[in-house]
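K.L.:
Hey, dropping query_28.txt in here, compact mmCIF, N, CA, C and O atoms:
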# COMPACT_ATOMS: atom_id res chain seq x y z
N MET A 1 0.86 -1.18 0.00
CA MET A 1 0.00 0.00 0.00
C MET A 1 0.90 1.24 0.00
O MET A 1 1.80 1.35 0.81
N THR A 2 0.64 2.13 -0.92
CA THR A 2 1.46 3.33 -0.99
C THR A 2 1.17 4.24 0.19
O THR A 2 0.14 4.11 0.86
N ALA A 3 2.06 5.16 0.44
CA ALA A 3 1.91 6.08 1.57
C ALA A 3 0.63 6.91 1.42
O ALA A 3 -0.08 7.13 2.40
N MET A 4 0.33 7.37 0.20
CA MET A 4 -0.87 8.18 0.00
C MET A 4 -2.12 7.36 0.30
O MET A 4 -3.04 7.84 0.95
N ARG A 5 -2.14 6.12 -0.15
CA ARG A 5 -3.30 5.28 0.12
C ARG A 5 -3.43 5.01 1.62
O ARG A 5 -4.52 4.98 2.15
N ALA A 6 -2.30 4.83 2.30
CA ALA A 6 -2.33 4.62 3.75
C ALA A 6 -2.91 5.86 4.44
O ALA A 6 -3.72 5.74 5.36
N LEU A 7 -2.50 7.04 3.98
CA LEU A 7 -3.05 8.28 4.55
C LEU A 7 -4.55 8.39 4.28
O LEU A 7 -5.31 8.82 5.15
N LEU A 8 -4.96 7.98 3.09
CA LEU A 8 -6.38 8.03 2.77
C LEU A 8 -7.17 7.10 3.69
O LEU A 8 -8.24 7.46 4.18
N VAL A 9 -6.63 5.92 3.93
CA VAL A 9 -7.31 4.98 4.83
C VAL A 9 -7.40 5.55 6.23
O VAL A 9 -8.45 5.49 6.88
N LEU A 10 -6.31 6.14 6.72
CA LEU A 10 -6.33 6.73 8.06
C LEU A 10 -7.33 7.87 8.16
O LEU A 10 -8.06 7.99 9.14
N ALA A 11 -7.39 8.69 7.13
CA ALA A 11 -8.34 9.79 7.14
C ALA A 11 -9.77 9.26 7.09
O ALA A 11 -10.66 9.79 7.75
N LEU A 12 -9.97 8.22 6.34
CA LEU A 12 -11.29 7.61 6.26
C LEU A 12 -11.73 7.10 7.62
O LEU A 12 -12.87 7.27 8.04
N LEU A 13 -10.82 6.49 8.34
CA LEU A 13 -11.13 5.96 9.65
C LEU A 13 -11.50 7.06 10.64
O LEU A 13 -12.16 6.80 11.65
N ALA A 14 -11.09 8.28 10.37
CA ALA A 14 -11.44 9.40 11.23
C ALA A 14 -12.94 9.69 11.18
O ALA A 14 -13.48 10.34 12.06
N GLY A 15 -13.60 9.20 10.14
CA GLY A 15 -15.04 9.34 10.06
C GLY A 15 -15.53 10.73 9.72
O GLY A 15 -16.70 11.04 9.94
N CYS A 16 -14.69 11.57 9.20
CA CYS A 16 -15.08 12.95 8.88
C CYS A 16 -15.70 13.01 7.49
O CYS A 16 -15.31 12.27 6.60
N THR A 17 -16.63 13.91 7.34
CA THR A 17 -17.17 14.18 6.01
C THR A 17 -16.99 15.66 5.74
O THR A 17 -17.20 16.48 6.61
N GLN A 18 -16.58 15.98 4.56
CA GLN A 18 -16.30 17.36 4.17
C GLN A 18 -16.98 17.62 2.82
O GLN A 18 -17.32 16.69 2.11
N PRO A 19 -17.12 18.89 2.45
CA PRO A 19 -17.61 19.19 1.10
C PRO A 19 -16.65 18.60 0.06
O PRO A 19 -15.46 18.45 0.33
N ARG A 20 -17.17 18.27 -1.09
CA ARG A 20 -16.36 17.62 -2.13
C ARG A 20 -15.71 18.66 -3.04
O ARG A 20 -16.39 19.51 -3.60
N SER A 21 -14.40 18.56 -3.22
CA SER A 21 -13.68 19.46 -4.12
C SER A 21 -13.49 18.77 -5.47
O SER A 21 -13.53 17.54 -5.58
N LYS A 22 -13.27 19.57 -6.49
CA LYS A 22 -12.98 19.03 -7.81
C LYS A 22 -11.68 18.22 -7.76
O LYS A 22 -11.57 17.17 -8.40
N THR A 23 -10.70 18.69 -7.00
CA THR A 23 -9.42 17.97 -6.88
C THR A 23 -9.66 16.54 -6.44
O THR A 23 -9.20 15.59 -7.08
N CYS A 24 -10.37 16.37 -5.34
CA CYS A 24 -10.57 15.02 -4.80
C CYS A 24 -11.48 14.17 -5.68
O CYS A 24 -11.22 12.98 -5.87
N THR A 25 -12.52 14.76 -6.23
CA THR A 25 -13.40 13.97 -7.09
C THR A 25 -12.67 13.55 -8.36
O THR A 25 -12.84 12.42 -8.82
N ASP A 26 -11.81 14.41 -8.90
CA ASP A 26 -11.03 14.05 -10.10
C ASP A 26 -10.05 12.93 -9.80
O ASP A 26 -9.93 11.97 -10.58
N ILE A 27 -9.33 13.04 -8.69
CA ILE A 27 -8.36 12.00 -8.31
C ILE A 27 -9.07 10.66 -8.15
O ILE A 27 -8.67 9.65 -8.74
N CYS A 28 -10.12 10.66 -7.37
CA CYS A 28 -10.78 9.41 -7.04
C CYS A 28 -11.53 8.81 -8.22
O CYS A 28 -11.59 7.59 -8.37
N SER A 29 -12.05 9.65 -9.08
CA SER A 29 -12.70 9.15 -10.29
C SER A 29 -11.70 8.44 -11.20
O SER A 29 -11.96 7.35 -11.71
N ARG A 30 -10.55 9.07 -11.37
CA ARG A 30 -9.49 8.47 -12.21
C ARG A 30 -9.00 7.16 -11.61
O ARG A 30 -8.82 6.16 -12.30
N GLU A 31 -8.80 7.15 -10.29
CA GLU A 31 -8.35 5.92 -9.64
C GLU A 31 -9.42 4.83 -9.73
O GLU A 31 -9.09 3.66 -9.97
N SER A 32 -10.67 5.20 -9.59
CA SER A 32 -11.76 4.23 -9.72
C SER A 32 -11.77 3.62 -11.12
O SER A 32 -11.89 2.40 -11.27
N ASP A 33 -11.64 4.46 -12.13
CA ASP A 33 -11.60 3.97 -13.51
C ASP A 33 -10.45 2.99 -13.70
O ASP A 33 -10.60 1.95 -14.35
N CYS A 34 -9.29 3.32 -13.11
CA CYS A 34 -8.12 2.46 -13.27
C CYS A 34 -8.22 1.16 -12.49
O CYS A 34 -7.78 0.11 -12.96
N ILE A 35 -8.82 1.22 -11.33
CA ILE A 35 -9.02 -0.01 -10.55
C ILE A 35 -9.93 -0.95 -11.32
O ILE A 35 -9.67 -2.16 -11.42
N THR A 36 -10.98 -0.41 -11.92
CA THR A 36 -11.90 -1.22 -12.72
C THR A 36 -11.21 -1.74 -13.98
O THR A 36 -11.30 -2.93 -14.30
N ALA A 37 -10.50 -0.86 -14.68
CA ALA A 37 -9.85 -1.24 -15.94
C ALA A 37 -8.79 -2.32 -15.76
O ALA A 37 -8.62 -3.19 -16.62
N THR A 38 -8.07 -2.28 -14.65
CA THR A 38 -7.00 -3.25 -14.42
C THR A 38 -7.48 -4.46 -13.62
O THR A 38 -6.70 -5.37 -13.35
N LYS A 39 -8.75 -4.44 -13.24
CA LYS A 39 -9.32 -5.52 -12.42
C LYS A 39 -8.51 -5.70 -11.13
O LYS A 39 -8.32 -6.81 -10.65
N SER A 40 -8.06 -4.58 -10.60
CA SER A 40 -7.27 -4.58 -9.38
C SER A 40 -8.11 -5.06 -8.21
O SER A 40 -9.33 -4.89 -8.18
N GLU A 41 -7.44 -5.64 -7.24
CA GLU A 41 -8.12 -6.11 -6.03
C GLU A 41 -8.05 -5.07 -4.91
O GLU A 41 -8.40 -5.37 -3.77
N ILE A 42 -7.62 -3.85 -5.24
CA ILE A 42 -7.58 -2.78 -4.23
C ILE A 42 -9.01 -2.50 -3.79
O ILE A 42 -9.88 -2.23 -4.62
N PRO A 43 -9.28 -2.59 -2.48
CA PRO A 43 -10.65 -2.27 -2.03
C PRO A 43 -10.91 -0.77 -2.24
O PRO A 43 -10.11 0.06 -1.83
N PHE A 44 -12.00 -0.45 -2.92
CA PHE A 44 -12.21 0.94 -3.30
C PHE A 44 -13.69 1.29 -3.23
O PHE A 44 -14.53 0.63 -3.84
N ASP A 45 -14.00 2.32 -2.48
CA ASP A 45 -15.33 2.92 -2.47
C ASP A 45 -15.09 4.40 -2.76
O ASP A 45 -14.54 5.13 -1.93
N GLU A 46 -15.47 4.83 -3.94
CA GLU A 46 -15.12 6.18 -4.39
C GLU A 46 -15.61 7.26 -3.43
O GLU A 46 -14.87 8.19 -3.11
N LYS A 47 -16.82 7.14 -2.92
CA LYS A 47 -17.34 8.15 -2.00
C LYS A 47 -16.50 8.22 -0.72
O LYS A 47 -16.20 9.31 -0.22
N GLU A 48 -16.10 7.07 -0.20
CA GLU A 48 -15.27 7.05 1.00
C GLU A 48 -13.90 7.64 0.73
O GLU A 48 -13.35 8.37 1.56
N TRP A 49 -13.33 7.33 -0.43
CA TRP A 49 -12.00 7.85 -0.76
C TRP A 49 -12.05 9.36 -0.97
O TRP A 49 -11.12 10.06 -0.59
N VAL A 50 -13.11 9.87 -1.58
CA VAL A 50 -13.24 11.31 -1.76
C VAL A 50 -13.33 11.98 -0.39
O VAL A 50 -12.66 12.99 -0.14
N SER A 51 -14.09 11.40 0.51
CA SER A 51 -14.20 11.95 1.87
C SER A 51 -12.84 11.97 2.56
O SER A 51 -12.47 12.95 3.20
N ALA A 52 -12.10 10.87 2.43
CA ALA A 52 -10.77 10.80 3.05
C ALA A 52 -9.83 11.82 2.43
O ALA A 52 -9.06 12.48 3.14
N CYS A 53 -9.90 11.99 1.13
CA CYS A 53 -9.08 12.98 0.44
C CYS A 53 -9.39 14.38 0.97
O CYS A 53 -8.47 15.17 1.20
N GLU A 54 -10.66 14.68 1.18
CA GLU A 54 -11.05 15.99 1.68
C GLU A 54 -10.48 16.25 3.07
O GLU A 54 -10.05 17.36 3.38
N VAL A 55 -10.48 15.22 3.90
CA VAL A 55 -9.89 15.36 5.23
C VAL A 55 -8.41 15.69 5.12
O VAL A 55 -7.90 16.58 5.80
N LEU A 56 -7.71 15.00 4.22
CA LEU A 56 -6.28 15.26 4.03
C LEU A 56 -6.05 16.66 3.48
O LEU A 56 -5.12 17.35 3.90
N ARG A 57 -6.89 17.10 2.55
CA ARG A 57 -6.74 18.45 1.98
C ARG A 57 -6.94 19.54 3.03
O ARG A 57 -6.35 20.61 2.93
N SER A 58 -7.76 19.26 4.02
CA SER A 58 -8.05 20.27 5.03
C SER A 58 -6.92 20.42 6.04
O SER A 58 -6.89 21.37 6.82
N ASP A 59 -5.97 19.50 6.02
CA ASP A 59 -4.82 19.52 6.93
C ASP A 59 -3.63 20.10 6.18
O ASP A 59 -3.17 19.54 5.20
N GLU A 60 -3.15 21.24 6.65
CA GLU A 60 -2.06 21.94 5.96
C GLU A 60 -0.84 21.05 5.74
O GLU A 60 -0.16 21.16 4.73
N GLN A 61 -0.55 20.15 6.67
CA GLN A 61 0.62 19.28 6.54
C GLN A 61 0.44 18.24 5.43
O GLN A 61 1.43 17.74 4.90
N ASN A 62 -0.79 17.90 5.10
CA ASN A 62 -1.04 16.88 4.08
C ASN A 62 -1.47 17.44 2.73
O ASN A 62 -1.51 16.71 1.75
N LEU A 63 -1.78 18.72 2.68
CA LEU A 63 -2.25 19.33 1.44
C LEU A 63 -1.25 19.13 0.30
O LEU A 63 -1.63 18.78 -0.81
N ALA A 64 0.03 19.33 0.57
CA ALA A 64 1.05 19.17 -0.47
C ALA A 64 1.09 17.73 -0.98
O ALA A 64 1.27 17.49 -2.18
N LYS A 65 0.88 16.76 -0.09
CA LYS A 65 0.87 15.35 -0.50
C LYS A 65 -0.31 15.07 -1.42
O LYS A 65 -0.18 14.33 -2.40
N VAL A 66 -1.45 15.65 -1.11
CA VAL A 66 -2.64 15.48 -1.97
C VAL A 66 -2.37 16.08 -3.34
O VAL A 66 -2.67 15.47 -4.37
N GLU A 67 -1.77 17.26 -3.37
CA GLU A 67 -1.47 17.91 -4.65
C GLU A 67 -0.45 17.10 -5.47
O GLU A 67 -0.59 16.97 -6.69
N GLN A 68 0.56 16.56 -4.82
CA GLN A 68 1.54 15.72 -5.51
C GLN A 68 0.87 14.47 -6.07
O GLN A 68 1.15 14.05 -7.19
N HIS A 69 -0.02 13.89 -5.28
CA HIS A 69 -0.73 12.70 -5.72
C HIS A 69 -1.62 13.04 -6.92
O HIS A 69 -1.66 12.31 -7.90
N ARG A 70 -2.31 14.18 -6.85
CA ARG A 70 -3.17 14.62 -7.97
C ARG A 70 -2.36 14.77 -9.25
O ARG A 70 -2.76 14.30 -10.31
N GLU A 71 -1.21 15.42 -9.14
CA GLU A 71 -0.36 15.62 -10.31
C GLU A 71 0.04 14.29 -10.93
O GLU A 71 0.01 14.13 -12.15
N CYS A 72 0.42 13.35 -10.10
CA CYS A 72 0.83 12.04 -10.58
C CYS A 72 -0.34 11.32 -11.25
O CYS A 72 -0.20 10.79 -12.37
N VAL A 73 -1.48 11.30 -10.59
CA VAL A 73 -2.66 10.61 -11.12
C VAL A 73 -3.09 11.21 -12.46
O VAL A 73 -3.39 10.49 -13.40
N MET A 74 -3.10 12.53 -12.54
CA MET A 74 -3.61 13.18 -13.73
C MET A 74 -2.63 13.18 -14.90
O MET A 74 -3.04 13.23 -16.05
N LYS A 75 -1.33 13.08 -14.63
CA LYS A 75 -0.36 13.13 -15.74
C LYS A 75 -0.11 11.76 -16.36
O LYS A 75 0.32 11.67 -17.50
N ASN A 76 -0.38 10.69 -15.63
CA ASN A 76 -0.12 9.35 -16.16
C ASN A 76 -1.26 8.87 -17.02
O ASN A 76 -2.42 8.88 -16.60
N ALA A 77 -0.91 8.41 -18.21
CA ALA A 77 -1.91 7.91 -19.14
C ALA A 77 -2.26 6.44 -18.86
O ALA A 77 -3.39 6.02 -19.10
N SER A 78 -1.31 5.70 -18.35
CA SER A 78 -1.57 4.27 -18.13
C SER A 78 -2.10 4.03 -16.73
O SER A 78 -1.63 4.63 -15.75
N CYS A 79 -3.07 3.16 -16.64
CA CYS A 79 -3.67 2.86 -15.35
C CYS A 79 -2.68 2.21 -14.37
O CYS A 79 -2.69 2.55 -13.18
N PRO A 80 -1.83 1.29 -14.81
CA PRO A 80 -0.87 0.75 -13.84
C PRO A 80 0.00 1.86 -13.22
O PRO A 80 0.29 1.82 -12.03
N ALA A 81 0.38 2.85 -14.03
CA ALA A 81 1.17 3.96 -13.49
C ALA A 81 0.35 4.79 -12.51
O ALA A 81 0.86 5.22 -11.48
N VAL A 82 -0.92 5.00 -12.81
CA VAL A 82 -1.80 5.75 -11.90
C VAL A 82 -1.88 5.05 -10.56
O VAL A 82 -1.77 5.67 -9.50
N LEU A 83 -2.02 3.73 -10.58
CA LEU A 83 -2.17 2.98 -9.34
C LEU A 83 -0.88 2.88 -8.54
O LEU A 83 -0.90 2.50 -7.38
N GLU A 84 0.24 3.26 -9.15
CA GLU A 84 1.52 3.29 -8.44
C GLU A 84 1.86 4.67 -7.89
O GLU A 84 2.89 4.84 -7.24
N CYS A 85 1.02 5.66 -8.15
CA CYS A 85 1.30 7.01 -7.67
C CYS A 85 1.42 7.03 -6.15
O CYS A 85 0.61 6.40 -5.46
N PRO A 86 2.44 7.76 -5.66
CA PRO A 86 2.61 7.85 -4.20
C PRO A 86 1.54 8.73 -3.57
O PRO A 86 0.91 9.53 -4.18
Could the structure of this file be written out as structure tokens, please?
P.N.:
Amino acid sequence: MTAMRALLVLALLAGCTQPRSKTCTDICSRESDCITATKSEIPFDEKEWVSACEVLRSDEQNLAKVEQHRECVMKNASCPAVLECP
């Protein structure tokens, strides 16, 4: 599990819900498409991941990590590369 995914899981466990940003919905939509396309066994619930992403974005210490992850997800054309983004 990559560090970003681990952070997303931790944020999800916090149980917080936040308004949805385009950044988080774009990241999670792309990851969802790639998980489906590659038939990955990564457990994924897009709504939960978007919520976790929002929690991370609201924390100044994690905002840069979310932005780095977004850049990686959005620049990679291949789904295996997207799923390897930190």
K.L.:
Per residue of range 49-75 of chain A within 8 Å of range 82-85 of chain A, which atom pair is closest and at what distance in Å (one decimal), using only N, CA, C and O atoms, listed by chain and increasing number, as JSON lines?
P.N.:
{"residue": "A:Gln68", "atom": "O", "partner": "A:Cys85", "partner_atom": "CA", "distance": 7.1}
{"residue": "A:His69", "atom": "O", "partner": "A:Cys85", "partner_atom": "CA", "distance": 6.1}
{"residue": "A:Cys72", "atom": "O", "partner": "A:Val82", "partner_atom": "CA", "distance": 5.3}
{"residue": "A:Val73", "atom": "CA", "partner": "A:Val82", "partner_atom": "CA", "distance": 5.0}
{"residue": "A:Met74", "atom": "N", "partner": "A:Val82", "partner_atom": "CA", "distance": 6.9}
{"residue": "A:Lys75", "atom": "C", "partner": "A:Val82", "partner_atom": "CA", "distance": 7.7}
K.L.:
Could the residues in this selection be written to a file with N, CA, C and O atoms, as a short mmCIF file (atom, residue, chain, number, x, y, z; two decimals), keeping the file's coordinate frame?
P.N.:
data_model
loop_
_atom_site.label_atom_id
_atom_site.label_comp_id
_atom_site.auth_asym_id
_atom_site.auth_seq_id
_atom_site.Cartn_x
_atom_site.Cartn_y
_atom_site.Cartn_z
N GLN A 68 0.56 16.56 -4.82
CA GLN A 68 1.54 15.72 -5.51
C GLN A 68 0.87 14.47 -6.07
O GLN A 68 1.15 14.05 -7.19
N HIS A 69 -0.02 13.89 -5.28
CA HIS A 69 -0.73 12.70 -5.72
C HIS A 69 -1.62 13.04 -6.92
O HIS A 69 -1.66 12.31 -7.90
N CYS A 72 0.42 13.35 -10.10
CA CYS A 72 0.83 12.04 -10.58
C CYS A 72 -0.34 11.32 -11.25
O CYS A 72 -0.20 10.79 -12.37
N VAL A 73 -1.48 11.30 -10.59
CA VAL A 73 -2.66 10.61 -11.12
C VAL A 73 -3.09 11.21 -12.46
O VAL A 73 -3.39 10.49 -13.40
N MET A 74 -3.10 12.53 -12.54
CA MET A 74 -3.61 13.18 -13.73
C MET A 74 -2.63 13.18 -14.90
O MET A 74 -3.04 13.23 -16.05
N LYS A 75 -1.33 13.08 -14.63
CA LYS A 75 -0.36 13.13 -15.74
C LYS A 75 -0.11 11.76 -16.36
O LYS A 75 0.32 11.67 -17.50
#
K.L.:
Around range 23-29 of chain A, with edges along x, y and z and 3 Å added on all six sides, what centre and edge lengths do you get, in Å to one decimal, as lines of an AutoDock Vina configuration file?
P.N.:
center_x = -10.9
center_y = 13.0
center_z = -8.3
size_x = 11.0
size_y = 17.3
size_z = 12.9
K.L.:
Can you pull out the residues contacting range 19-33 of chain A? Cut-off 7 Å, using all atoms listed in the file, and skip same-chain residues under 3 positions away; I want them as number ranges by chain.
P.N.:
A: 36-39, 46, 49-51, 53-55, 69-70, 73-74, 79, 82-83
K.L.:
Could you write out that same residue set with N, CA, C and O atoms as a CSV table (one decimal), in the frame of the given file?
P.N.:
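The new file selection00.csv reads:
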chain,number,residue,atom,x,y,z
A,36,THR,N,-11.0,-0.4,-11.9
A,36,THR,CA,-11.9,-1.2,-12.7
A,36,THR,C,-11.2,-1.7,-14.0
A,36,THR,O,-11.3,-2.9,-14.3
A,37,ALA,N,-10.5,-0.9,-14.7
A,37,ALA,CA,-9.8,-1.2,-15.9
A,37,ALA,C,-8.8,-2.3,-15.8
A,37,ALA,O,-8.6,-3.2,-16.6
A,38,THR,N,-8.1,-2.3,-14.6
A,38,THR,CA,-7.0,-3.2,-14.4
A,38,THR,C,-7.5,-4.5,-13.6
A,38,THR,O,-6.7,-5.4,-13.4
A,39,LYS,N,-8.8,-4.4,-13.2
A,39,LYS,CA,-9.3,-5.5,-12.4
A,39,LYS,C,-8.5,-5.7,-11.1
A,39,LYS,O,-8.3,-6.8,-10.6
A,46,GLU,N,-15.5,4.8,-3.9
A,46,GLU,CA,-15.1,6.2,-4.4
A,46,GLU,C,-15.6,7.3,-3.4
A,46,GLU,O,-14.9,8.2,-3.1
A,49,TRP,N,-13.3,7.3,-0.4
A,49,TRP,CA,-12.0,7.8,-0.8
A,49,TRP,C,-12.0,9.4,-1.0
A,49,TRP,O,-11.1,10.1,-0.6
A,50,VAL,N,-13.1,9.9,-1.6
A,50,VAL,CA,-13.2,11.3,-1.8
A,50,VAL,C,-13.3,12.0,-0.4
A,50,VAL,O,-12.7,13.0,-0.1
A,51,SER,N,-14.1,11.4,0.5
A,51,SER,CA,-14.2,12.0,1.9
A,51,SER,C,-12.8,12.0,2.6
A,51,SER,O,-12.5,13.0,3.2
A,53,CYS,N,-9.9,12.0,1.1
A,53,CYS,CA,-9.1,13.0,0.4
A,53,CYS,C,-9.4,14.4,1.0
A,53,CYS,O,-8.5,15.2,1.2
A,54,GLU,N,-10.7,14.7,1.2
A,54,GLU,CA,-11.0,16.0,1.7
A,54,GLU,C,-10.5,16.2,3.1
A,54,GLU,O,-10.0,17.4,3.4
A,55,VAL,N,-10.5,15.2,3.9
A,55,VAL,CA,-9.9,15.4,5.2
A,55,VAL,C,-8.4,15.7,5.1
A,55,VAL,O,-7.9,16.6,5.8
A,69,HIS,N,0.0,13.9,-5.3
A,69,HIS,CA,-0.7,12.7,-5.7
A,69,HIS,C,-1.6,13.0,-6.9
A,69,HIS,O,-1.7,12.3,-7.9
A,70,ARG,N,-2.3,14.2,-6.8
A,70,ARG,CA,-3.2,14.6,-8.0
A,70,ARG,C,-2.4,14.8,-9.2
A,70,ARG,O,-2.8,14.3,-10.3
A,73,VAL,N,-1.5,11.3,-10.6
A,73,VAL,CA,-2.7,10.6,-11.1
A,73,VAL,C,-3.1,11.2,-12.5
A,73,VAL,O,-3.4,10.5,-13.4
A,74,MET,N,-3.1,12.5,-12.5
A,74,MET,CA,-3.6,13.2,-13.7
A,74,MET,C,-2.6,13.2,-14.9
A,74,MET,O,-3.0,13.2,-16.0
A,79,CYS,N,-3.1,3.2,-16.6
A,79,CYS,CA,-3.7,2.9,-15.4
A,79,CYS,C,-2.7,2.2,-14.4
A,79,CYS,O,-2.7,2.6,-13.2
A,82,VAL,N,-0.9,5.0,-12.8
A,82,VAL,CA,-1.8,5.8,-11.9
A,82,VAL,C,-1.9,5.0,-10.6
A,82,VAL,O,-1.8,5.7,-9.5
A,83,LEU,N,-2.0,3.7,-10.6
A,83,LEU,CA,-2.2,3.0,-9.3
A,83,LEU,C,-0.9,2.9,-8.5
A,83,LEU,O,-0.9,2.5,-7.4
K.L.:
So the first atom is CA of Cys34 in chain A and the second is CA of Asn76 in chain A; what is the distance between them in Å, to one decimal place?
P.N.:
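CA of Cys34 in chain A sits 10.9 Å away from CA of Asn76 in chain A.
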K.L.:
Just to confirm, what's the straight-line distance from CA of Lys65 in chain A to atom C of Pro80 in chain A in Å (one decimal)?
P.N.:
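These two atoms are separated by 18.6 Å.
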K.L.:
DSSP on the backbone, alpha helix (DSSP H) only: what residues of range 28-86 of chain A does that give? Format it as a VMD selection string.
P.N.:
chain A and resid 28 to 37 46 to 57 60 to 75 79 to 83
K.L.:
To one decimal place, how far is atom O of Glu71 in chain A from atom O of Pro86 in chain A in Å?
P.N.:
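Atom O of Glu71 in chain A sits 9.2 Å away from atom O of Pro86 in chain A.
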